[in-house]
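Participant: I have a structure I would like to understand better, so I am pasting it below and will then ask my questions one at a time.
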Amino acid sequence: MLGNYTSATEFYLVGFPGSEKLHYILFATFCFFYLVSLVGNTVIIVIVCVDKRLQSPMYFFLVHLSILEILLTTDIVPVMLWGLLLPGMQAVSLAGCVVQLFLQLALGTTEFSLLGAMAVDRYVAVCNPLRYNVIMSSQTCNSVVIVSWVCGFLYQIWPVYATFHLTYCKSNVVDNFFCDRGQLLKLSCDNTVFIEFILFLMAVFVLFGSLIPTIVSYTYIISTILKIPSASGRKKAFSTCASHFTFVVIGYGCCLFLYVKPKQTQAADYNRVVSLMISIVTPFLNPFIFTLRNDKVIEALRDGVNRFYKLFKS
C-alpha cells in the first residue's frame with residue numbers, strides 16, 4: 001500500500017483509530033444516527049407530500065432539503081460503517097472514490113443553494129406577506145430547485161476531475177473514513193498549491209454566494225420583526241424562521257471550517273471531526289430542527305399517526 005504510485009487504482013481508508021471494542025461502539029452509535037436520519041427525513045418528505053396544510057413553498061424546499069440530507073449521509077455513512085466492521089484498512093476502488101467525492105461535493109453545493117433560496121423565501125413571507133403567493137409561485141419554486149440541483153452537480157465536475165487527475169506517488173492510504181479531498185491532495189507528488197487556491201476560491205463562491213442572501217434576508221427579517229408591536233406577534237414571526245436559521249448556523253459553520261481555507265490539506269483529525277458533523281450529525285438533527293419548533297408539522301404528524309393507528313386497529 002506504500003510505495004511509488006504513478007496512478008492509483010484503489011485507495012485504502014484508515015477510518016477511525018482505536019481498539020476493536022471501540023469500533024463496535026462507534027458502529028452502533030453511527031448506525032443509530034444514520035437510521036434516525038433516514039426515518040426522520042423520510043417522514044418529513046411523506047407528511048409534506050400527503051398533507052394539504054403543508055403545501056407551501058417553505059415545505060416544498062424542506063422536502064428537497066430532506067432528500068439532500070438522505071443522499072448525503074447515504075453517500076458516506078454505509079461505507080464508514082462497513083469499514084468499522086473490517087479488520088485493518090478498507091479498500092475503495094478509484095471509481096468508487098470518484099463517485100463518493102463527487103456526490104458529497106455536488107449534494108453539498110446544491111444544499112447551500114437551497115438554503116439561500118429558503119432564506120429569501122422567509123424574507124418574502126415576513127417582510128412582504130401580501131405578495132408572497134405571487135412572488136413565490138409554484139413556477140418560481142420549481143425553477144429555483146431545478147437550477148440548484150443542476151448547478152450543484154455541474155459546478156463540482158472540474159474540482160473532482162482536477163483532484164483525480166493528479167499523480168499519486170506518495171501513498172494510496174487516505175487518513176479518513178471516506179475519500180476526503182484534503183487527504184487525497186496530500187498523497188499527490190504534484191505541486192498542488194495552485195489547485196488548492198482555485199478550490200478555495202470555488203468554495204468561497206459557493207458558501208458566500210448563498211450566505212450573503214441569507215445574511216441580507218435575515219437582516220431585513222429581524223428589522224421587520226422588531227417593529228411588530230406585540231410580543232406574541234414577534235414570537236410568531238420569528239418562529240417561522242427559527243428552524244431555518246438554526247440549520248443555517250450549523251451547516252455553514254461546519255463547511256466554513258472544512259472547505260473555506262487556502263490550505264486544503266488540513267490535519268486528518270480535524271477533517272474527521274468536521275466531516276462527522278456534516279455527514280452524520282447535521283442529517284440527524286434536520287428532522288428535529290424542522291419539526292419540534294413547527295406547530296404545523298407537529299399537527300400534521302400527529303394526525304398522520306392517528307390515521308395510521310385507526311387504520312391498523314380496524
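Residues are named by chain letter and number: chains run A, B, ... in the order of the C-alpha cells, numbers start at 1 in each chain, and ligands are numbered from 1 in the order shown.
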Write out as an MDAnalysis selection string each polymer residue whose atoms come within 8 Å of stretch 7-18 of chain A, counting only C-alpha atoms; drop sequence neighbours fewer than 6 positions from it.
Facilitator: chainID A and resid 1 80 83:84 88:94 97 167:169 172:179
Participant: Which neighbours of A:Asn41 fall inside 9 Å, counting only C-alpha atoms, when residues of the same chain fewer than 3 positions from it are skipped, and could you give them as a PyMOL selection string?
Facilitator: chain A and resi 36-38+44-46+63+65-67+69-70+283-284+286-287
Participant: Keeping N, CA and C atoms for every residue in the selection just given, could you write it to a file as a PDB file, in the first residue's frame?
Facilitator:
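Produced file selection-v9.pdb, reproduced below:
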```
ATOM      1  N   VAL A  36     -31.940   6.932  12.252  1.00  0.00           N
ATOM      2  CA  VAL A  36     -32.823   8.022  12.662  1.00  0.00           C
ATOM      3  C   VAL A  36     -32.870   9.104  11.575  1.00  0.00           C
ATOM      4  N   SER A  37     -31.728   9.375  10.958  1.00  0.00           N
ATOM      5  CA  SER A  37     -31.692  10.362   9.867  1.00  0.00           C
ATOM      6  C   SER A  37     -32.568   9.922   8.705  1.00  0.00           C
ATOM      7  N   LEU A  38     -32.437   8.651   8.317  1.00  0.00           N
ATOM      8  CA  LEU A  38     -33.232   8.127   7.208  1.00  0.00           C
ATOM      9  C   LEU A  38     -34.726   8.188   7.516  1.00  0.00           C
ATOM     10  N   ILE A  44     -40.554  13.443   7.045  1.00  0.00           N
ATOM     11  CA  ILE A  44     -40.799  14.824   6.608  1.00  0.00           C
ATOM     12  C   ILE A  44     -41.275  14.849   5.158  1.00  0.00           C
ATOM     13  N   ILE A  45     -40.614  14.096   4.299  1.00  0.00           N
ATOM     14  CA  ILE A  45     -40.982  14.054   2.880  1.00  0.00           C
ATOM     15  C   ILE A  45     -42.406  13.547   2.710  1.00  0.00           C
ATOM     16  N   VAL A  46     -42.745  12.483   3.428  1.00  0.00           N
ATOM     17  CA  VAL A  46     -44.071  11.863   3.284  1.00  0.00           C
ATOM     18  C   VAL A  46     -45.171  12.788   3.776  1.00  0.00           C
ATOM     19  N   VAL A  63     -38.734  19.588   1.634  1.00  0.00           N
ATOM     20  CA  VAL A  63     -38.723  18.240   1.061  1.00  0.00           C
ATOM     21  C   VAL A  63     -37.409  17.991   0.330  1.00  0.00           C
ATOM     22  N   LEU A  65     -34.610  19.596   0.754  1.00  0.00           N
ATOM     23  CA  LEU A  65     -33.529  19.596   1.739  1.00  0.00           C
ATOM     24  C   LEU A  65     -33.422  18.233   2.418  1.00  0.00           C
ATOM     25  N   SER A  66     -34.546  17.627   2.730  1.00  0.00           N
ATOM     26  CA  SER A  66     -34.545  16.295   3.355  1.00  0.00           C
ATOM     27  C   SER A  66     -34.014  15.239   2.390  1.00  0.00           C
ATOM     28  N   ILE A  67     -34.375  15.352   1.112  1.00  0.00           N
ATOM     29  CA  ILE A  67     -33.837  14.429   0.099  1.00  0.00           C
ATOM     30  C   ILE A  67     -32.317  14.550   0.022  1.00  0.00           C
ATOM     31  N   GLU A  69     -30.313  15.563   2.399  1.00  0.00           N
ATOM     32  CA  GLU A  69     -29.719  15.012   3.619  1.00  0.00           C
ATOM     33  C   GLU A  69     -29.651  13.486   3.560  1.00  0.00           C
ATOM     34  N   ILE A  70     -30.700  12.866   3.037  1.00  0.00           N
ATOM     35  CA  ILE A  70     -30.697  11.409   2.907  1.00  0.00           C
ATOM     36  C   ILE A  70     -29.586  10.954   1.959  1.00  0.00           C
ATOM     37  N   PRO A 283     -27.534  15.730   9.275  1.00  0.00           N
ATOM     38  CA  PRO A 283     -28.724  14.998   8.798  1.00  0.00           C
ATOM     39  C   PRO A 283     -29.562  14.419   9.940  1.00  0.00           C
ATOM     40  N   PHE A 284     -28.896  14.045  11.045  1.00  0.00           N
ATOM     41  CA  PHE A 284     -29.615  13.520  12.201  1.00  0.00           C
ATOM     42  C   PHE A 284     -30.470  14.606  12.862  1.00  0.00           C
ATOM     43  N   ASN A 286     -31.599  17.409  11.414  1.00  0.00           N
ATOM     44  CA  ASN A 286     -32.531  18.070  10.494  1.00  0.00           C
ATOM     45  C   ASN A 286     -34.008  17.802  10.812  1.00  0.00           C
ATOM     46  N   PRO A 287     -34.441  16.545  10.995  1.00  0.00           N
ATOM     47  CA  PRO A 287     -35.861  16.314  11.299  1.00  0.00           C
ATOM     48  C   PRO A 287     -36.308  16.971  12.596  1.00  0.00           C
TER      49      PRO A 287
END
```
Participant: Considering only C-alpha atoms, can you say which of A:Val98, A:Val134, A:Ala119, A:Leu35 comes closest to A:Trp158?
Facilitator: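 With only C-alpha atoms as the atom set, the closest residue is A:Val98.
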Participant: Using DSSP on the backbone coordinates, identify the residues of stretch 13-97 of chain A assigned to helix (DSSP H, G or I); present them as a count of residues only.
Facilitator: 67
Participant: For a test of reading the model, state the distance in Å between atom CA of A:Thr109 and atom CA of A:His165, rounded to one decimal.
Facilitator: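 Going from atom CA of A:Thr109 over to atom CA of A:His165, I get 21.4 Å.
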Participant: Taking into account only C-alpha atoms, which residue in the set A:Phe200, A:Phe208, A:Phe102, A:Tyr218 is nearest to A:Phe153?
Facilitator: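 Among the listed residues, A:Phe102 lies closest to A:Phe153.
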Participant: Figure out the distance between atom CA of A:Met118 and atom CA of A:Gly182, please, to one decimal in Å.
Facilitator: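 These two atoms are separated by 29.8 Å.
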Participant: Mind checking DSSP for stretch 18-237 of chain A and telling me the strand (DSSP E) residues as a ChimeraX atom specification?
Facilitator: /A:90-93,173-174
Participant: For stretch 114-116 of chain A, find every residue with an atom within 8 Å (counting only C-alpha atoms), except residues of its own chain fewer than 6 positions away, and show them as a VMD selection string.
Facilitator: chain A and resid 61 65 144 to 145 148 210 to 211 213 to 214 244 248
Participant: Between A:Met277, A:Leu285, A:Cys151, A:Val126, which residue has the minimum interatomic distance to A:Ile225, considering only C-alpha atoms?
Facilitator: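 Looking at the shortest contact to A:Ile225, the residue is A:Val126.
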Participant: Between atom CA of A:Arg53 and atom CA of A:Glu299, what is the spacing in Å?
Facilitator: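 Between these atoms lies a distance of 9.7 Å.
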Participant: With only C-alpha atoms as the counted atoms, please give the residues lying no more than 12 Å from A:Asp295, apart from itself and same-chain residues fewer than 2 positions off, as a list in words.
Facilitator: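 Skipping anything fewer than 2 positions along the chain leaves Arg53, Leu54, Lys236, Ser239, Thr240, Ser243, Phe290, Thr291, Leu292, Arg293, Val297, Ile298, Glu299, Ala300, Leu301 and Arg302 of chain A.
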Participant: Could you write those residues out with all heavy atoms, as a compact mmCIF listing (two decimals), in the first residue's frame?
Facilitator:
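part34.txt written:
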```
# COMPACT_ATOMS: atom_id res chain seq x y z
N ARG A 53 -52.14 20.89 4.27
CA ARG A 53 -51.79 22.07 5.08
C ARG A 53 -50.33 22.47 4.90
O ARG A 53 -49.96 23.60 5.23
CB ARG A 53 -52.08 21.79 6.57
CG ARG A 53 -53.54 21.69 6.93
CD ARG A 53 -53.73 21.15 8.32
NE ARG A 53 -53.27 19.77 8.43
CZ ARG A 53 -53.38 19.03 9.54
NH1 ARG A 53 -53.94 19.55 10.62
NH2 ARG A 53 -52.96 17.78 9.57
N LEU A 54 -49.53 21.57 4.39
CA LEU A 54 -48.10 21.84 4.23
C LEU A 54 -47.72 22.10 2.77
O LEU A 54 -46.54 22.02 2.42
CB LEU A 54 -47.28 20.66 4.78
CG LEU A 54 -47.55 20.30 6.24
CD1 LEU A 54 -46.68 19.12 6.66
CD2 LEU A 54 -47.31 21.48 7.16
N LYS A 236 -44.43 34.86 16.92
CA LYS A 236 -44.99 34.10 15.81
C LYS A 236 -44.18 34.32 14.53
O LYS A 236 -43.92 33.36 13.78
CB LYS A 236 -46.44 34.52 15.57
CG LYS A 236 -47.13 33.73 14.48
CD LYS A 236 -48.58 34.18 14.31
CE LYS A 236 -49.26 33.39 13.20
NZ LYS A 236 -50.67 33.82 13.01
N SER A 239 -40.83 32.51 14.85
CA SER A 239 -40.95 31.06 14.84
C SER A 239 -40.96 30.49 13.42
O SER A 239 -40.57 29.34 13.21
CB SER A 239 -42.22 30.62 15.57
OG SER A 239 -43.37 31.07 14.88
N THR A 240 -41.38 31.30 12.44
CA THR A 240 -41.39 30.83 11.05
C THR A 240 -39.99 30.74 10.46
O THR A 240 -39.79 30.11 9.44
CB THR A 240 -42.25 31.77 10.17
OG1 THR A 240 -41.64 33.07 10.14
CG2 THR A 240 -43.66 31.89 10.70
N SER A 243 -36.27 27.62 12.66
CA SER A 243 -35.74 26.32 12.22
C SER A 243 -34.70 26.49 11.13
O SER A 243 -33.60 25.91 11.20
CB SER A 243 -36.89 25.44 11.73
OG SER A 243 -37.82 25.21 12.75
N PHE A 290 -36.59 20.94 12.20
CA PHE A 290 -37.71 21.43 11.40
C PHE A 290 -39.07 20.90 11.87
O PHE A 290 -40.08 21.24 11.26
CB PHE A 290 -37.51 21.07 9.93
CG PHE A 290 -36.51 21.96 9.24
CD1 PHE A 290 -35.20 21.55 9.06
CD2 PHE A 290 -36.88 23.20 8.77
CE1 PHE A 290 -34.28 22.35 8.42
CE2 PHE A 290 -35.97 24.02 8.13
CZ PHE A 290 -34.66 23.60 7.97
N THR A 291 -39.10 20.09 12.91
CA THR A 291 -40.40 19.59 13.40
C THR A 291 -40.72 20.04 14.81
O THR A 291 -41.85 20.43 15.10
CB THR A 291 -40.46 18.05 13.34
OG1 THR A 291 -39.37 17.50 14.12
CG2 THR A 291 -40.36 17.55 11.92
N LEU A 292 -39.74 20.00 15.71
CA LEU A 292 -40.01 20.30 17.11
C LEU A 292 -40.46 21.74 17.33
O LEU A 292 -41.19 22.03 18.28
CB LEU A 292 -38.76 19.99 17.96
CG LEU A 292 -38.35 18.52 18.04
CD1 LEU A 292 -37.12 18.36 18.91
CD2 LEU A 292 -39.49 17.67 18.57
N ARG A 293 -40.02 22.65 16.46
CA ARG A 293 -40.39 24.06 16.62
C ARG A 293 -41.43 24.50 15.60
O ARG A 293 -41.65 25.70 15.42
CB ARG A 293 -39.13 24.94 16.50
CG ARG A 293 -38.08 24.67 17.56
CD ARG A 293 -36.88 25.58 17.37
NE ARG A 293 -37.27 26.98 17.50
CZ ARG A 293 -37.25 27.65 18.64
NH1 ARG A 293 -36.88 27.04 19.75
NH2 ARG A 293 -37.60 28.92 18.69
N VAL A 297 -46.16 21.20 11.32
CA VAL A 297 -45.58 19.88 11.06
C VAL A 297 -45.95 18.90 12.18
O VAL A 297 -46.31 17.75 11.93
CB VAL A 297 -44.05 19.97 10.92
CG1 VAL A 297 -43.44 18.58 10.77
CG2 VAL A 297 -43.68 20.82 9.71
N ILE A 298 -45.89 19.37 13.42
CA ILE A 298 -46.26 18.52 14.56
C ILE A 298 -47.72 18.09 14.46
O ILE A 298 -48.07 16.93 14.69
CB ILE A 298 -45.99 19.25 15.89
CG1 ILE A 298 -44.49 19.45 16.09
CG2 ILE A 298 -46.59 18.48 17.06
CD1 ILE A 298 -44.13 20.26 17.32
N GLU A 299 -48.59 19.04 14.10
CA GLU A 299 -50.02 18.73 13.96
C GLU A 299 -50.26 17.74 12.84
O GLU A 299 -51.04 16.78 12.99
CB GLU A 299 -50.80 20.02 13.72
CG GLU A 299 -52.32 19.84 13.70
CD GLU A 299 -53.05 21.13 13.48
OE1 GLU A 299 -52.41 22.21 13.57
OE2 GLU A 299 -54.27 21.08 13.23
N ALA A 300 -49.59 17.94 11.71
CA ALA A 300 -49.74 17.02 10.58
C ALA A 300 -49.21 15.64 10.93
O ALA A 300 -49.80 14.62 10.56
CB ALA A 300 -49.01 17.58 9.36
N LEU A 301 -48.10 15.60 11.66
CA LEU A 301 -47.51 14.33 12.07
C LEU A 301 -48.43 13.61 13.05
O LEU A 301 -48.63 12.38 12.95
CB LEU A 301 -46.14 14.57 12.71
CG LEU A 301 -45.32 13.34 13.10
CD1 LEU A 301 -45.05 12.48 11.87
CD2 LEU A 301 -44.01 13.76 13.74
N ARG A 302 -49.02 14.35 13.98
CA ARG A 302 -49.95 13.76 14.94
C ARG A 302 -51.18 13.18 14.25
O ARG A 302 -51.62 12.07 14.55
CB ARG A 302 -50.37 14.81 15.97
CG ARG A 302 -51.20 14.24 17.12
CD ARG A 302 -51.71 15.33 18.04
NE ARG A 302 -50.60 16.04 18.67
CZ ARG A 302 -50.34 17.32 18.47
NH1 ARG A 302 -51.09 18.05 17.64
NH2 ARG A 302 -49.34 17.90 19.08
```
Participant: I need the residue nearest A:Asn271 from this list: A:Gln183, A:Ser56, A:Thr74, A:Ile215. Use only C-alpha atoms for the distance.
Facilitator: A:Gln183
Participant: With distances taken over only C-alpha atoms, which residue among A:Phe60, A:Lys235, A:Asp51, A:Lys170 lies nearest A:Gln139?
Facilitator: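 Ranked by minimum distance to A:Gln139, first place goes to A:Phe60.
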Participant: Please list as a list in words every residue within 10 Å of A:Tyr132, counting only C-alpha atoms and excluding residues in the same chain fewer than 5 positions away.
Facilitator: Pro57, Asp121, Arg122, Tyr123, Val124, Ala125, Val126, Cys127 and Ser137 of chain A
Participant: Would you list the contacts of A:Phe238 as a ChimeraX atom specification, taking every protein, DNA or RNA residue within 9 Å and counting only C-alpha atoms, but skipping same-chain residues closer than 4 positions in sequence?
Facilitator: /A:126,221-222,225,233-234,242
Participant: Output the selection as a compact mmCIF listing (two decimals), in the first residue's frame - all heavy atoms for each residue.
Facilitator:
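This is the output file selection-v7.txt:
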```
# COMPACT_ATOMS: atom_id res chain seq x y z
N VAL A 126 -42.09 37.16 5.64
CA VAL A 126 -42.16 38.06 6.80
C VAL A 126 -42.27 39.52 6.39
O VAL A 126 -43.06 40.28 6.96
CB VAL A 126 -40.93 37.86 7.71
CG1 VAL A 126 -40.90 38.88 8.84
CG2 VAL A 126 -40.91 36.45 8.28
N ILE A 221 -35.42 40.65 7.94
CA ILE A 221 -36.40 39.91 8.75
C ILE A 221 -36.38 40.39 10.20
O ILE A 221 -37.42 40.69 10.80
CB ILE A 221 -36.14 38.39 8.67
CG1 ILE A 221 -36.53 37.85 7.30
CG2 ILE A 221 -36.92 37.66 9.76
CD1 ILE A 221 -36.10 36.42 7.06
N ILE A 222 -35.17 40.47 10.79
CA ILE A 222 -35.05 40.90 12.18
C ILE A 222 -35.54 42.34 12.34
O ILE A 222 -36.23 42.67 13.31
CB ILE A 222 -33.58 40.76 12.64
CG1 ILE A 222 -33.19 39.28 12.69
CG2 ILE A 222 -33.38 41.41 14.01
CD1 ILE A 222 -31.72 39.05 12.94
N ILE A 225 -39.32 42.21 12.26
CA ILE A 225 -39.89 41.60 13.46
C ILE A 225 -39.83 42.56 14.65
O ILE A 225 -40.78 42.65 15.45
CB ILE A 225 -39.14 40.29 13.79
CG1 ILE A 225 -39.47 39.21 12.74
CG2 ILE A 225 -39.51 39.78 15.18
CD1 ILE A 225 -38.70 37.92 12.93
N GLY A 233 -46.91 38.66 18.45
CA GLY A 233 -46.68 38.82 17.01
C GLY A 233 -45.23 38.62 16.64
O GLY A 233 -44.92 37.98 15.62
N ARG A 234 -44.33 39.16 17.47
CA ARG A 234 -42.89 38.98 17.21
C ARG A 234 -42.49 37.51 17.35
O ARG A 234 -41.71 36.99 16.54
CB ARG A 234 -42.08 39.83 18.19
CG ARG A 234 -42.16 41.33 17.93
CD ARG A 234 -41.09 42.08 18.70
NE ARG A 234 -41.28 41.95 20.15
CZ ARG A 234 -41.99 42.78 20.87
NH1 ARG A 234 -42.60 43.82 20.30
NH2 ARG A 234 -42.10 42.61 22.18
N ALA A 242 -37.06 30.38 12.72
CA ALA A 242 -36.11 29.82 13.70
C ALA A 242 -35.47 28.52 13.23
O ALA A 242 -34.26 28.32 13.38
CB ALA A 242 -36.83 29.61 15.04
```
